[in-house]
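What follows is work-v2.txt (compact mmCIF, N, CA and C atoms).
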```txt
# COMPACT_ATOMS: atom_id res chain seq x y z
N MET T 1 -0.70 41.14 0.90
CA MET T 1 -0.25 39.87 1.40
C MET T 1 0.93 40.10 2.33
N PHE T 2 0.98 39.37 3.40
CA PHE T 2 2.03 39.52 4.40
C PHE T 2 3.12 38.48 4.16
N ALA T 3 4.36 38.91 4.18
CA ALA T 3 5.49 37.99 4.03
C ALA T 3 6.48 38.26 5.15
N ALA T 4 6.81 37.23 5.89
CA ALA T 4 7.77 37.37 6.98
C ALA T 4 9.18 37.33 6.42
N PRO T 5 10.06 38.21 6.90
CA PRO T 5 11.44 38.18 6.41
C PRO T 5 12.12 36.87 6.81
N GLY T 6 12.87 36.32 5.88
CA GLY T 6 13.62 35.10 6.16
C GLY T 6 12.80 33.83 6.11
N LEU T 7 11.53 33.94 5.77
CA LEU T 7 10.67 32.77 5.71
C LEU T 7 10.97 32.00 4.43
N ASN T 8 11.27 30.75 4.57
CA ASN T 8 11.59 29.92 3.42
C ASN T 8 10.29 29.40 2.83
N THR T 9 9.94 29.90 1.67
CA THR T 9 8.69 29.50 1.04
C THR T 9 8.92 28.56 -0.13
N SER T 10 10.15 28.12 -0.33
CA SER T 10 10.42 27.23 -1.44
C SER T 10 9.92 25.82 -1.12
N MET T 11 9.75 25.05 -2.15
CA MET T 11 9.27 23.68 -1.97
C MET T 11 10.36 22.81 -1.35
N SER T 12 9.94 21.74 -0.72
CA SER T 12 10.88 20.78 -0.17
C SER T 12 11.65 20.13 -1.31
N PRO T 13 12.91 19.76 -1.04
CA PRO T 13 13.67 19.10 -2.10
C PRO T 13 13.09 17.74 -2.43
N GLN T 14 13.24 17.33 -3.66
CA GLN T 14 12.77 16.02 -4.09
C GLN T 14 13.87 15.00 -3.83
N PHE T 15 13.50 13.86 -3.25
CA PHE T 15 14.45 12.81 -2.94
C PHE T 15 14.24 11.63 -3.88
N THR T 16 15.33 10.97 -4.21
CA THR T 16 15.24 9.75 -5.01
C THR T 16 14.81 8.61 -4.09
N PRO T 17 14.28 7.52 -4.64
CA PRO T 17 13.91 6.37 -3.80
C PRO T 17 15.10 5.87 -2.98
N GLU T 18 16.30 5.88 -3.54
CA GLU T 18 17.48 5.43 -2.81
C GLU T 18 17.76 6.33 -1.61
N GLN T 19 17.59 7.64 -1.77
CA GLN T 19 17.81 8.56 -0.67
C GLN T 19 16.76 8.36 0.42
N ILE T 20 15.53 8.09 0.02
CA ILE T 20 14.47 7.85 1.00
C ILE T 20 14.79 6.60 1.82
N ILE T 21 15.22 5.54 1.14
CA ILE T 21 15.57 4.30 1.84
C ILE T 21 16.74 4.54 2.79
N GLU T 22 17.74 5.30 2.36
CA GLU T 22 18.88 5.59 3.21
C GLU T 22 18.45 6.38 4.45
N ARG T 23 17.53 7.31 4.29
CA ARG T 23 17.05 8.10 5.43
C ARG T 23 16.27 7.23 6.40
N ILE T 24 15.44 6.34 5.88
CA ILE T 24 14.68 5.43 6.75
C ILE T 24 15.64 4.51 7.49
N ALA T 25 16.63 3.99 6.79
CA ALA T 25 17.61 3.11 7.42
C ALA T 25 18.37 3.84 8.51
N ALA T 26 18.75 5.07 8.26
CA ALA T 26 19.48 5.84 9.26
C ALA T 26 18.64 6.08 10.50
N ARG T 27 17.36 6.35 10.32
CA ARG T 27 16.47 6.58 11.46
C ARG T 27 16.21 5.32 12.27
N THR T 28 16.15 4.18 11.60
CA THR T 28 15.86 2.93 12.31
C THR T 28 17.11 2.24 12.79
N GLY T 29 18.28 2.68 12.34
CA GLY T 29 19.52 2.06 12.76
C GLY T 29 19.90 0.83 11.96
N LEU T 30 19.19 0.56 10.88
CA LEU T 30 19.50 -0.58 10.04
C LEU T 30 20.37 -0.13 8.88
N GLN T 31 21.16 -1.04 8.36
CA GLN T 31 22.00 -0.73 7.22
C GLN T 31 21.22 -0.99 5.93
N PRO T 32 21.22 -0.01 5.03
CA PRO T 32 20.50 -0.22 3.77
C PRO T 32 21.27 -1.15 2.85
N GLY T 33 20.59 -1.65 1.87
CA GLY T 33 21.24 -2.46 0.84
C GLY T 33 21.17 -3.94 1.15
N PHE T 34 21.68 -4.69 0.20
CA PHE T 34 21.69 -6.14 0.34
C PHE T 34 22.73 -6.56 1.36
N LEU T 35 22.49 -7.68 1.97
CA LEU T 35 23.42 -8.23 2.94
C LEU T 35 24.60 -8.82 2.17
N THR T 36 25.74 -8.18 2.27
CA THR T 36 26.92 -8.61 1.54
C THR T 36 27.58 -9.81 2.23
N SER T 37 28.52 -10.42 1.54
CA SER T 37 29.26 -11.55 2.12
C SER T 37 30.00 -11.12 3.38
N ALA T 38 30.55 -9.93 3.37
CA ALA T 38 31.29 -9.43 4.53
C ALA T 38 30.35 -9.22 5.72
N ARG T 39 29.19 -8.62 5.48
CA ARG T 39 28.23 -8.40 6.56
C ARG T 39 27.68 -9.72 7.07
N ARG T 40 27.48 -10.67 6.17
CA ARG T 40 27.01 -12.01 6.56
C ARG T 40 28.07 -12.72 7.41
N ALA T 41 29.33 -12.62 7.01
CA ALA T 41 30.42 -13.25 7.75
C ALA T 41 30.60 -12.64 9.13
N ALA T 42 30.31 -11.35 9.25
CA ALA T 42 30.46 -10.66 10.54
C ALA T 42 29.33 -11.00 11.51
N THR T 43 28.23 -11.57 11.00
CA THR T 43 27.08 -11.91 11.84
C THR T 43 26.63 -13.35 11.56
N PRO T 44 27.42 -14.35 11.96
CA PRO T 44 27.14 -15.73 11.58
C PRO T 44 26.05 -16.43 12.40
N TYR T 45 25.66 -15.88 13.53
CA TYR T 45 24.69 -16.55 14.40
C TYR T 45 23.28 -16.03 14.11
N THR T 46 22.38 -16.92 13.73
CA THR T 46 21.06 -16.49 13.26
C THR T 46 19.94 -16.98 14.16
N VAL T 47 18.88 -16.17 14.21
CA VAL T 47 17.64 -16.53 14.88
C VAL T 47 16.51 -16.19 13.92
N ASP T 48 15.76 -17.20 13.50
CA ASP T 48 14.61 -16.98 12.62
C ASP T 48 13.38 -16.65 13.46
N VAL T 49 12.65 -15.62 13.03
CA VAL T 49 11.40 -15.25 13.69
C VAL T 49 10.29 -15.43 12.65
N THR T 50 9.62 -16.57 12.73
CA THR T 50 8.55 -16.90 11.80
C THR T 50 7.30 -16.10 12.15
N GLY T 51 6.68 -15.52 11.13
CA GLY T 51 5.45 -14.76 11.33
C GLY T 51 5.67 -13.27 11.50
N LEU T 52 6.91 -12.83 11.55
CA LEU T 52 7.20 -11.40 11.68
C LEU T 52 7.14 -10.75 10.29
N THR T 53 5.90 -10.61 9.78
CA THR T 53 5.66 -10.01 8.47
C THR T 53 4.48 -9.04 8.58
N VAL T 54 4.43 -8.11 7.65
CA VAL T 54 3.31 -7.17 7.60
C VAL T 54 2.02 -7.94 7.31
N THR T 55 2.09 -8.90 6.43
CA THR T 55 0.90 -9.68 6.06
C THR T 55 0.32 -10.40 7.27
N ASN T 56 1.17 -10.99 8.07
CA ASN T 56 0.71 -11.75 9.23
C ASN T 56 0.26 -10.85 10.38
N LEU T 57 1.02 -9.81 10.68
CA LEU T 57 0.75 -8.99 11.86
C LEU T 57 -0.01 -7.71 11.57
N GLN T 58 -0.05 -7.30 10.33
CA GLN T 58 -0.70 -6.06 9.90
C GLN T 58 -0.22 -4.88 10.73
N GLN T 59 -1.09 -4.21 11.47
CA GLN T 59 -0.71 -3.00 12.20
C GLN T 59 0.25 -3.28 13.35
N ARG T 60 0.27 -4.47 13.85
CA ARG T 60 1.17 -4.84 14.95
C ARG T 60 2.61 -5.04 14.49
N PHE T 61 2.83 -5.18 13.18
CA PHE T 61 4.17 -5.46 12.66
C PHE T 61 5.18 -4.41 13.11
N SER T 62 4.85 -3.15 12.93
CA SER T 62 5.78 -2.07 13.26
C SER T 62 6.20 -2.13 14.72
N TRP T 63 5.24 -2.33 15.59
CA TRP T 63 5.53 -2.41 17.03
C TRP T 63 6.44 -3.58 17.34
N GLU T 64 6.14 -4.74 16.79
CA GLU T 64 6.94 -5.94 17.04
C GLU T 64 8.35 -5.79 16.48
N MET T 65 8.46 -5.28 15.27
CA MET T 65 9.77 -5.11 14.64
C MET T 65 10.61 -4.08 15.38
N GLN T 66 10.01 -2.94 15.69
CA GLN T 66 10.74 -1.88 16.38
C GLN T 66 11.23 -2.32 17.75
N GLY T 67 10.44 -3.09 18.46
CA GLY T 67 10.86 -3.59 19.77
C GLY T 67 12.13 -4.42 19.66
N ARG T 68 12.17 -5.28 18.67
CA ARG T 68 13.34 -6.14 18.47
C ARG T 68 14.56 -5.33 18.01
N VAL T 69 14.34 -4.42 17.06
CA VAL T 69 15.45 -3.63 16.54
C VAL T 69 16.02 -2.72 17.63
N HIS T 70 15.16 -2.09 18.41
CA HIS T 70 15.65 -1.22 19.50
C HIS T 70 16.45 -2.02 20.51
N TRP T 71 16.00 -3.22 20.82
CA TRP T 71 16.74 -4.08 21.74
C TRP T 71 18.12 -4.39 21.16
N CYS T 72 18.17 -4.71 19.88
CA CYS T 72 19.44 -5.05 19.23
C CYS T 72 20.37 -3.84 19.12
N LYS T 73 19.81 -2.66 18.93
CA LYS T 73 20.63 -1.46 18.79
C LYS T 73 21.31 -1.06 20.09
N ASP T 74 20.80 -1.52 21.21
CA ASP T 74 21.39 -1.19 22.51
C ASP T 74 22.74 -1.90 22.63
N PRO T 75 23.83 -1.14 22.79
CA PRO T 75 25.15 -1.78 22.84
C PRO T 75 25.33 -2.72 24.03
N ILE T 76 24.49 -2.61 25.02
CA ILE T 76 24.55 -3.56 26.15
C ILE T 76 24.06 -4.93 25.69
N ASN T 77 23.04 -4.94 24.83
CA ASN T 77 22.45 -6.20 24.37
C ASN T 77 23.23 -6.83 23.23
N CYS T 78 23.66 -6.03 22.26
CA CYS T 78 24.36 -6.54 21.07
C CYS T 78 25.61 -5.72 20.79
N PRO T 79 26.62 -5.85 21.61
CA PRO T 79 27.82 -5.03 21.38
C PRO T 79 28.55 -5.38 20.09
N GLY T 80 28.37 -6.59 19.59
CA GLY T 80 29.08 -7.00 18.38
C GLY T 80 28.38 -6.62 17.09
N GLY T 81 27.15 -6.18 17.17
CA GLY T 81 26.41 -5.81 15.98
C GLY T 81 25.39 -6.86 15.56
N PHE T 82 24.51 -6.46 14.65
CA PHE T 82 23.43 -7.33 14.19
C PHE T 82 23.00 -6.91 12.81
N GLU T 83 22.27 -7.78 12.16
CA GLU T 83 21.66 -7.54 10.84
C GLU T 83 20.27 -8.14 10.87
N VAL T 84 19.40 -7.63 10.02
CA VAL T 84 18.06 -8.19 9.88
C VAL T 84 17.81 -8.39 8.39
N GLN T 85 17.26 -9.55 8.05
CA GLN T 85 16.92 -9.80 6.65
C GLN T 85 15.60 -10.55 6.59
N ALA T 86 14.93 -10.44 5.46
CA ALA T 86 13.67 -11.14 5.26
C ALA T 86 13.93 -12.64 5.19
N LEU T 87 12.99 -13.41 5.70
CA LEU T 87 13.05 -14.87 5.68
C LEU T 87 12.01 -15.36 4.68
N HIS T 88 12.45 -16.13 3.70
CA HIS T 88 11.55 -16.63 2.64
C HIS T 88 11.50 -18.15 2.65
N GLN T 89 10.32 -18.69 2.31
CA GLN T 89 10.13 -20.12 2.07
C GLN T 89 9.24 -20.25 0.84
N ASN T 90 9.68 -21.04 -0.12
CA ASN T 90 8.92 -21.25 -1.35
C ASN T 90 8.54 -19.93 -2.02
N GLY T 91 9.45 -18.96 -1.97
CA GLY T 91 9.21 -17.68 -2.63
C GLY T 91 8.33 -16.71 -1.87
N LEU T 92 7.85 -17.10 -0.70
CA LEU T 92 7.00 -16.22 0.11
C LEU T 92 7.74 -15.73 1.34
N GLU T 93 7.50 -14.48 1.71
CA GLU T 93 8.09 -13.94 2.93
C GLU T 93 7.33 -14.51 4.13
N VAL T 94 8.07 -15.17 5.02
CA VAL T 94 7.44 -15.81 6.18
C VAL T 94 7.93 -15.27 7.51
N GLY T 95 8.86 -14.32 7.49
CA GLY T 95 9.37 -13.78 8.74
C GLY T 95 10.64 -12.99 8.52
N ARG T 96 11.45 -12.91 9.58
CA ARG T 96 12.73 -12.21 9.54
C ARG T 96 13.80 -13.09 10.16
N THR T 97 15.01 -12.95 9.65
CA THR T 97 16.17 -13.58 10.25
C THR T 97 17.01 -12.48 10.89
N PHE T 98 17.25 -12.62 12.17
CA PHE T 98 18.12 -11.70 12.90
C PHE T 98 19.48 -12.37 12.98
N ARG T 99 20.52 -11.65 12.56
CA ARG T 99 21.88 -12.18 12.54
C ARG T 99 22.69 -11.44 13.60
N PHE T 100 23.53 -12.19 14.32
CA PHE T 100 24.30 -11.62 15.41
C PHE T 100 25.78 -11.95 15.27
N ALA T 101 26.60 -11.08 15.82
CA ALA T 101 28.05 -11.27 15.76
C ALA T 101 28.51 -12.33 16.75
N THR T 102 27.78 -12.49 17.85
CA THR T 102 28.18 -13.47 18.86
C THR T 102 27.03 -14.41 19.19
N LEU T 103 27.39 -15.60 19.60
CA LEU T 103 26.39 -16.59 19.99
C LEU T 103 25.59 -16.11 21.20
N SER T 104 26.24 -15.45 22.14
CA SER T 104 25.53 -14.99 23.33
C SER T 104 24.49 -13.93 22.99
N ASP T 105 24.77 -13.04 22.03
CA ASP T 105 23.78 -12.03 21.62
C ASP T 105 22.54 -12.72 21.04
N GLY T 106 22.75 -13.71 20.18
CA GLY T 106 21.63 -14.45 19.60
C GLY T 106 20.85 -15.22 20.64
N THR T 107 21.54 -15.81 21.60
CA THR T 107 20.88 -16.56 22.66
C THR T 107 20.03 -15.64 23.53
N HIS T 108 20.58 -14.48 23.90
CA HIS T 108 19.80 -13.53 24.71
C HIS T 108 18.59 -13.01 23.95
N PHE T 109 18.74 -12.78 22.65
CA PHE T 109 17.61 -12.35 21.82
C PHE T 109 16.51 -13.41 21.83
N LYS T 110 16.92 -14.66 21.67
CA LYS T 110 15.97 -15.77 21.62
C LYS T 110 15.25 -15.94 22.96
N MET T 111 15.93 -15.66 24.06
CA MET T 111 15.30 -15.75 25.38
C MET T 111 14.37 -14.58 25.62
N ARG T 112 14.63 -13.46 25.01
CA ARG T 112 13.84 -12.23 25.23
C ARG T 112 12.58 -12.16 24.37
N PHE T 113 12.64 -12.68 23.13
CA PHE T 113 11.53 -12.55 22.20
C PHE T 113 11.07 -13.91 21.69
N PRO T 114 9.77 -14.08 21.44
CA PRO T 114 9.29 -15.32 20.85
C PRO T 114 9.78 -15.44 19.39
N THR T 115 10.00 -16.66 18.95
CA THR T 115 10.49 -16.87 17.58
C THR T 115 9.38 -17.27 16.63
N VAL T 116 8.17 -17.46 17.13
CA VAL T 116 7.01 -17.73 16.28
C VAL T 116 5.89 -16.78 16.70
N LEU T 117 5.39 -16.04 15.72
CA LEU T 117 4.31 -15.07 15.99
C LEU T 117 3.05 -15.48 15.25
```
As a first step, turn the structure in this file into structure tokens.
Amino acid sequence: MFAAPGLNTSMSPQFTPEQIIERIAARTGLQPGFLTSARRAATPYTVDVTGLTVTNLQQRFSWEMQGRVHWCKDPINCPGGFEVQALHQNGLEVGRTFRFATLSDGTHFKMRFPTVL
């Protein structure tokens, strides 16, 4: 059997669910965890996007969500910061709420993207 020197043949480390969520959040630019009072207070201007759910959009969800998040992550578009949270009605997820630090960021978002899908 041939073995290359310095080849790492050990198994990948096991991650906890919390670590996996943190890694996904870091890659997408979203903050993990529940929206705290401080984070809510820092982003008081909201835009509801009805229909932005996996159930409604299926395979298109990722594309639609990523487009919005990438736009928000651009410091030219949202210099004050943003948050995203699930939008529920009667216990069902019906979309996403995008929260913004400034009214102008929320207004530009609303002009750029449809709010009903």
From the options T:Ala42, T:Met65, T:Leu92, T:Val49, which residue's atoms come nearest to Gly80 (chain T), counting all atoms listed in the file?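 Nearest to Gly80 (chain T): T:Ala42.
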In the coordinates of the file, take the point (17.9, -17.9, 9.5) and a cut-off of 5 Å; then, counting all atoms listed in the file, name each qualifying protein, DNA or RNA residue as a ChimeraX atom specification. /T:47-48,97
Any chance you can output those residues with N, CA and C atoms as a tab-separated table (two decimals), keeping the file's coordinate frame?
```
chain	number	residue	atom	x	y	z
T	47	VAL	N	18.88	-16.17	14.21
T	47	VAL	CA	17.64	-16.53	14.88
T	47	VAL	C	16.51	-16.19	13.92
T	48	ASP	N	15.76	-17.20	13.50
T	48	ASP	CA	14.61	-16.98	12.62
T	48	ASP	C	13.38	-16.65	13.46
T	97	THR	N	15.01	-12.95	9.65
T	97	THR	CA	16.17	-13.58	10.25
T	97	THR	C	17.01	-12.48	10.89
```
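Minimum distance to Leu35 (chain T) across T:Arg99, T:Phe109, T:Leu57, T:Leu117 (counting only C-alpha atoms) occurs at T:Arg99.
In terms of minimum interatomic distance to Tyr45 (chain T), T:Gly81 ranks closest within T:Asn90, T:Gly81, T:Gln14, T:Met111, counting only C-alpha atoms.
Interatomic distance, CA of Gln59 (chain T) against CA of Phe98 (chain T): 20.8 Å.
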Write out as a PDB file with N, CA and C atoms, in the coordinates of the input the residues lying within 5 Å of Leu87 (chain T), counting only N, CA and C atoms and excluding same-chain residues fewer than 4 positions away.
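So the final result, stored in selection_5.pdb, reads:
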```pdb
ATOM      1  N   GLU T  93       7.500 -14.480   1.710  1.00  0.00           N
ATOM      2  CA  GLU T  93       8.090 -13.940   2.930  1.00  0.00           C
ATOM      3  C   GLU T  93       7.330 -14.510   4.130  1.00  0.00           C
ATOM      4  N   VAL T  94       8.070 -15.170   5.020  1.00  0.00           N
ATOM      5  CA  VAL T  94       7.440 -15.810   6.180  1.00  0.00           C
ATOM      6  C   VAL T  94       7.930 -15.270   7.510  1.00  0.00           C
ATOM      7  N   GLY T  95       8.860 -14.320   7.490  1.00  0.00           N
ATOM      8  CA  GLY T  95       9.370 -13.780   8.740  1.00  0.00           C
ATOM      9  C   GLY T  95      10.640 -12.990   8.520  1.00  0.00           C
ATOM     10  N   ARG T  96      11.450 -12.910   9.580  1.00  0.00           N
ATOM     11  CA  ARG T  96      12.730 -12.210   9.540  1.00  0.00           C
ATOM     12  C   ARG T  96      13.800 -13.090  10.160  1.00  0.00           C
ATOM     13  N   THR T  97      15.010 -12.950   9.650  1.00  0.00           N
ATOM     14  CA  THR T  97      16.170 -13.580  10.250  1.00  0.00           C
ATOM     15  C   THR T  97      17.010 -12.480  10.890  1.00  0.00           C
TER      16      THR T  97
END
```
For a test of reading the model, state the distance in Å between atom C of Pro79 (chain T) and atom C of Gln66 (chain T), rounded to one decimal. 17.7 Å
Closest of T:Gly91, T:Gly67, T:Gly51, T:Pro75 to Val116 (chain T), counting all atoms listed in the file, is T:Gly51
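Using only C-alpha atoms, the nearest neighbour of Arg68 (chain T) within the list T:Leu103, T:Val84, T:Asn56, T:Ala38 is T:Val84.
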Please extract the residues of region 56-99 of chain T with a backbone DSSP assignment of alpha helix (DSSP H) and present them as a PyMOL selection string. chain T and resi 56-57+60-73
Atom-to-atom span, CA of Asp105 (chain T) and CA of Glu64 (chain T), Å: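 Rounded to one decimal, the two atoms are 18.5 Å apart.
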